[in-house]
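> Sharing a structure, written as structure tokens. Questions coming.
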Amino acid sequence: MYLFPNLANRRLASLLAALGLAAGSPTLSMAQTAPTITVATRANQPLLQTWGGNHGGVPAFDQVKVADFKPAMEAAMAENLAEINTIASSPQAPTFDNTIATLERSGAALDRVEAVYGVWNSTLNDAAFSGVAREMAPRMAAFNDQITQNTALFKRIEAVYNSPDKKKLTPEQQRLVEVRYKAFVRAGAKLDATAKTRLSQINQQLAGLFTRFQQNVLAEEADSVLVLKTDKDLGGLPASLREAAKTTAATRKLDAAGVITNTRSSIDPFLTYSDQRALRQKAWRMFTNRGDNGNAHDNNAIITQILQLRAERAKLLGYPTHAHLRLDNTMMKSPEKAMALMLEMWKPAVARVHEEVADMLTLAKKEGAPADFKIEPWDYRYYAEKVRKDRYDLDQDEVKQYLQLDKMREGMFWVAGELFNFAFLPVTDVPVYHPDVQVWQVNDKTTGKQVGLWYFDPYARPGKNSGAWMNAYRKQERLDGKEVTTIVSNNANFVKGKPGEPVLISWTDATTLFHEFGHALHGLSSNVTYPTLAGTSVVRDYVEFPSQLLENWLPTPQVLNRFALHYQTGKPIPQALVDRINKASTFNEGFATTEFMASALVDMKLHLAGDKVIDPDKFERETLAELGMPHELVMRHRTPQFSHVFSSDGYSAGYYSYLWSVVLAADGFSAFTEAGGPYDKAVAERLRKNVFTVGNTIDPAVGYRAFRGREPKIDALMKQRGFPMTGAKAGSPTPAKKLGGKGKSAAAKHK
């Protein structure tokens with residue numbers, strides 16, 4: 001459930017710098033080691049060619065060869081550096097047009113190459129590609145610093161930033177100048193030569209470590225499976241899970257009753273329904289120990305190195321810790337505010353866990369468990385499901401019969417039509433990178449005008465990152481008056497059943513589907529001029545707001561009555577079952593909130609530790625003990641497999657963003673419920689106008705206030721989760737009250 005840190009973004013260097021991902025410079029200029037792209041080079045290299053075909057051009061996925069990535073990236077980086085050098089060495093006085101706008105136009109070939117590279121990196125990462133990624137990650141990092149640490153280029157950007165003529169620019173242009181300038185400063189543009197050299201070394205090392213971390217997790221997921229040898233091993237599993245396990249065994253050519261793969265979409269259902277406790281324990285350990293098995297794929301030493309390098313980099317850039325560096329340009333502004341928000345939720349969440357465990361123990365003993373029986377982490381989902389059935393007469397498998405993947409996708413399309421006036425039309429005139437991928441053209445329903453393409457890659461397979469995410473192959477823009485439409489994708493890891501039969505998904509999976517589609521709608525709704533500011537290019541703790549918000553439309557009657565149809569009878573989900581779902585809506589929120597919060601708190605504390613040498617396992621264990629983590633559950637993402645935080649800088653010291661986003665989402669959805677309901681046109685228009693279409697052209701705090709009419713409050717989230725208000729008085733703004741304020745921060749020391 002996250003925005004995948006795809007490398008494919010126009011004007012890559014500045015955007016990565018803005019996100020804290022800027023990297024180092026090589027010994028030799030890339031322009032000295034690779035030729036400028038010629039017509040002949042493009043003709044012989046599909047990755048370099050301008051995208052052709054319909055829909056404003058699309059990636060030629062059907063022509064990609066892994067062997068092409070390295071030469072194509074080398075050539076594209078050389079061309080981009082030549083463009084940068086032309087801007088930096090211009091004899092003309094710096095202006096917005098000849099510096100900032102020209103930067104926006106640069107790097108088009110590299111954007112295209114990296115868009116495809118990002119797809120292979122996240123969905124087709126086999127042994128051949130892994131070798132390319134290990135070699136190219138540090139070189140791409142080096143390339144970035146050649147741009148962000150180019151002194152002549154920065155002086156021109158700084159001149160535009162400080163020019164009195166800046167006031168004459170449009171608001172979007174002024175915002176772009178500010179984003180560009182601050183991104184370069186955060187990437188080390190003001191450092192002296194010695195510090196720049198060291199920063200470059202750090203960033204190149206980090207790039208290599210991120211790649212190794214990601215590949216280790218992928219290897220652990222691909223190499224480890226739980227083989228169910230007999231029919232008894234399938235005990236307790238619903239028919240759909242049995243069939244999926246059998247299909248997986250057949251696909252992997254294993255002579256077994258079934259196979260459970262080492263991904264969340266396979267493990268969580270098994271832990272929920274399997275009545276074989278020893279197998280549940282085995283599955284749980286296999287999943288939670290990814291990257292922590294003391295083998296060639298162990299990530300602990302890598303994490304220690306990453307933390308040390310991040311701490312050193314933060315000090316070079318004038319910040320006390322990596323956490324302060326990362327939060328300086330977010331809505332929350334400081335780690336202290338983020339910690340205050342998390343701790344406000346932590347105590348009620350843990351208290352609820354203890355209540356949930358007590359309920360489970362009562363039921364377990366009723367069923368004959370011994371007096372000294374304890375709920376272990378591999379028991380939590382299993383007994384929680386039993387309590388749900390007992391208390392609410394709600395069987396998640398019963399709900400699942402009404403949640404067909406294809407129908408849920410149609411439901412998302414319908415919601416997009418109601419809120420955003422979008423129509424989704426299937427297309428077959430574009431190449432795809434895997435037979436599982438389907439593509440839709442997205443149009444404005446009123447004008448019929450195309451706004452973009454939506455690619456959907458729903459199924460798990462070896463070499464594909466686990467989880468679910470969105471990325472953009474191309475961003476919306478109208479830089480030179482020409483409308484460029486976006487291309488976005490949603491990616492998931494559902495398990496296929498029998499060929500020709502509908503894929504049934506859980507309520508949680510359906511919620512995740514809507515969440516990721518919210519990211520896609522954020523990209524598709526973009527209506528800006530400059531690509532650096534388009535779509536989801538917003539600060540980390542705001543980017544999850546649109547996606548968290550869209551989850552609220554899944555349980556609306558309009559969606560359930562039309563699209564929650566029984567996979568055999570075609571009848572809509574009964575109102576009595578919907579009532580039971582609603583009644584149980586706050587059930588197990590202690591577990592859900594605590595497992596997330598544990599990951600967010602450990603993430604923040606790891607990055608507040610400064611240059612302390614960290615033993616990840618020990619730090620995780622001791623930190624959770626200090627927090628009072630219930631022993632019956634673990635972090636949602638244990639440190640050795642925490643890809644959000646250690647496969648890039650993307651969510652490092654920023655996993656709290658999901659909590660802040662659900663605060664915004666719960667408060668934002670209240671704007672609908674306080675008006676005419678979830679499909680209120682006036683509120684939807686305010687949301688579209690001030691949040692979804694504007695990208696990063698305005699301060700997100702300003703955009704939220706324009707939509708909501710006030711600062712966000714935590715009340716709605718506490719109510720949604722059934723928690724009592726603690727700390728802040730009910731009705732008061734959140735700990736981040738002064739969003740977008742101009743208070744002092746660590747950046748004030750950065751000259």
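Every chain in the structure tokens takes a letter, A first, then B, and so on in the order presented; its residues are numbered from 1, and the ligands are numbered from 1 following the presented order.
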Name all residues at most 12 Å from Gly208 (chain A) (count only C-alpha atoms; drop same-chain ones fewer than 4 positions away) and give them as a count of residues only.

29

> Would you mind listing what lies within 8 Å of region 448-461 of chain A as a list in words, with only C-alpha atoms counted and same-chain residues fewer than 3 positions away left out?

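Here the answer would be His55, Asp436, Val437, Gln438, Val439, Trp440, Gln441, Val442, Asn443, Asp444, Lys445, Lys464, Ser466, Thr485, Thr486, Ile487, Val488, Ser489, Asn490, Asn491, Ala492, Asn493, Phe494, Val495, Lys496, Ala520, Leu524 and Ser525 of chain A.
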
> Among region 684-732 of chain A, which residues carry a DSSP assignment of alpha helix (DSSP H), reported as a PyMOL selection string?

chain A and resi 684-687+700-708+715-720

> What gap, in Å, lies between CA of Leu316 (chain A) and CA of Leu206 (chain A)?

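It comes out at 15.1 Å.
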
> Could you check how far CA of Asp649 (chain A) sits from CA of His322 (chain A), in Å to one decimal?

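CA of Asp649 (chain A) sits 10.1 Å away from CA of His322 (chain A).
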
> Compile the contact shell of Leu717 (chain A) as an MDAnalysis selection string: residues with an atom at most 9 Å away, counting only C-alpha atoms, same-chain residues fewer than 5 positions apart removed.

chainID A and resid 662:667 722:723
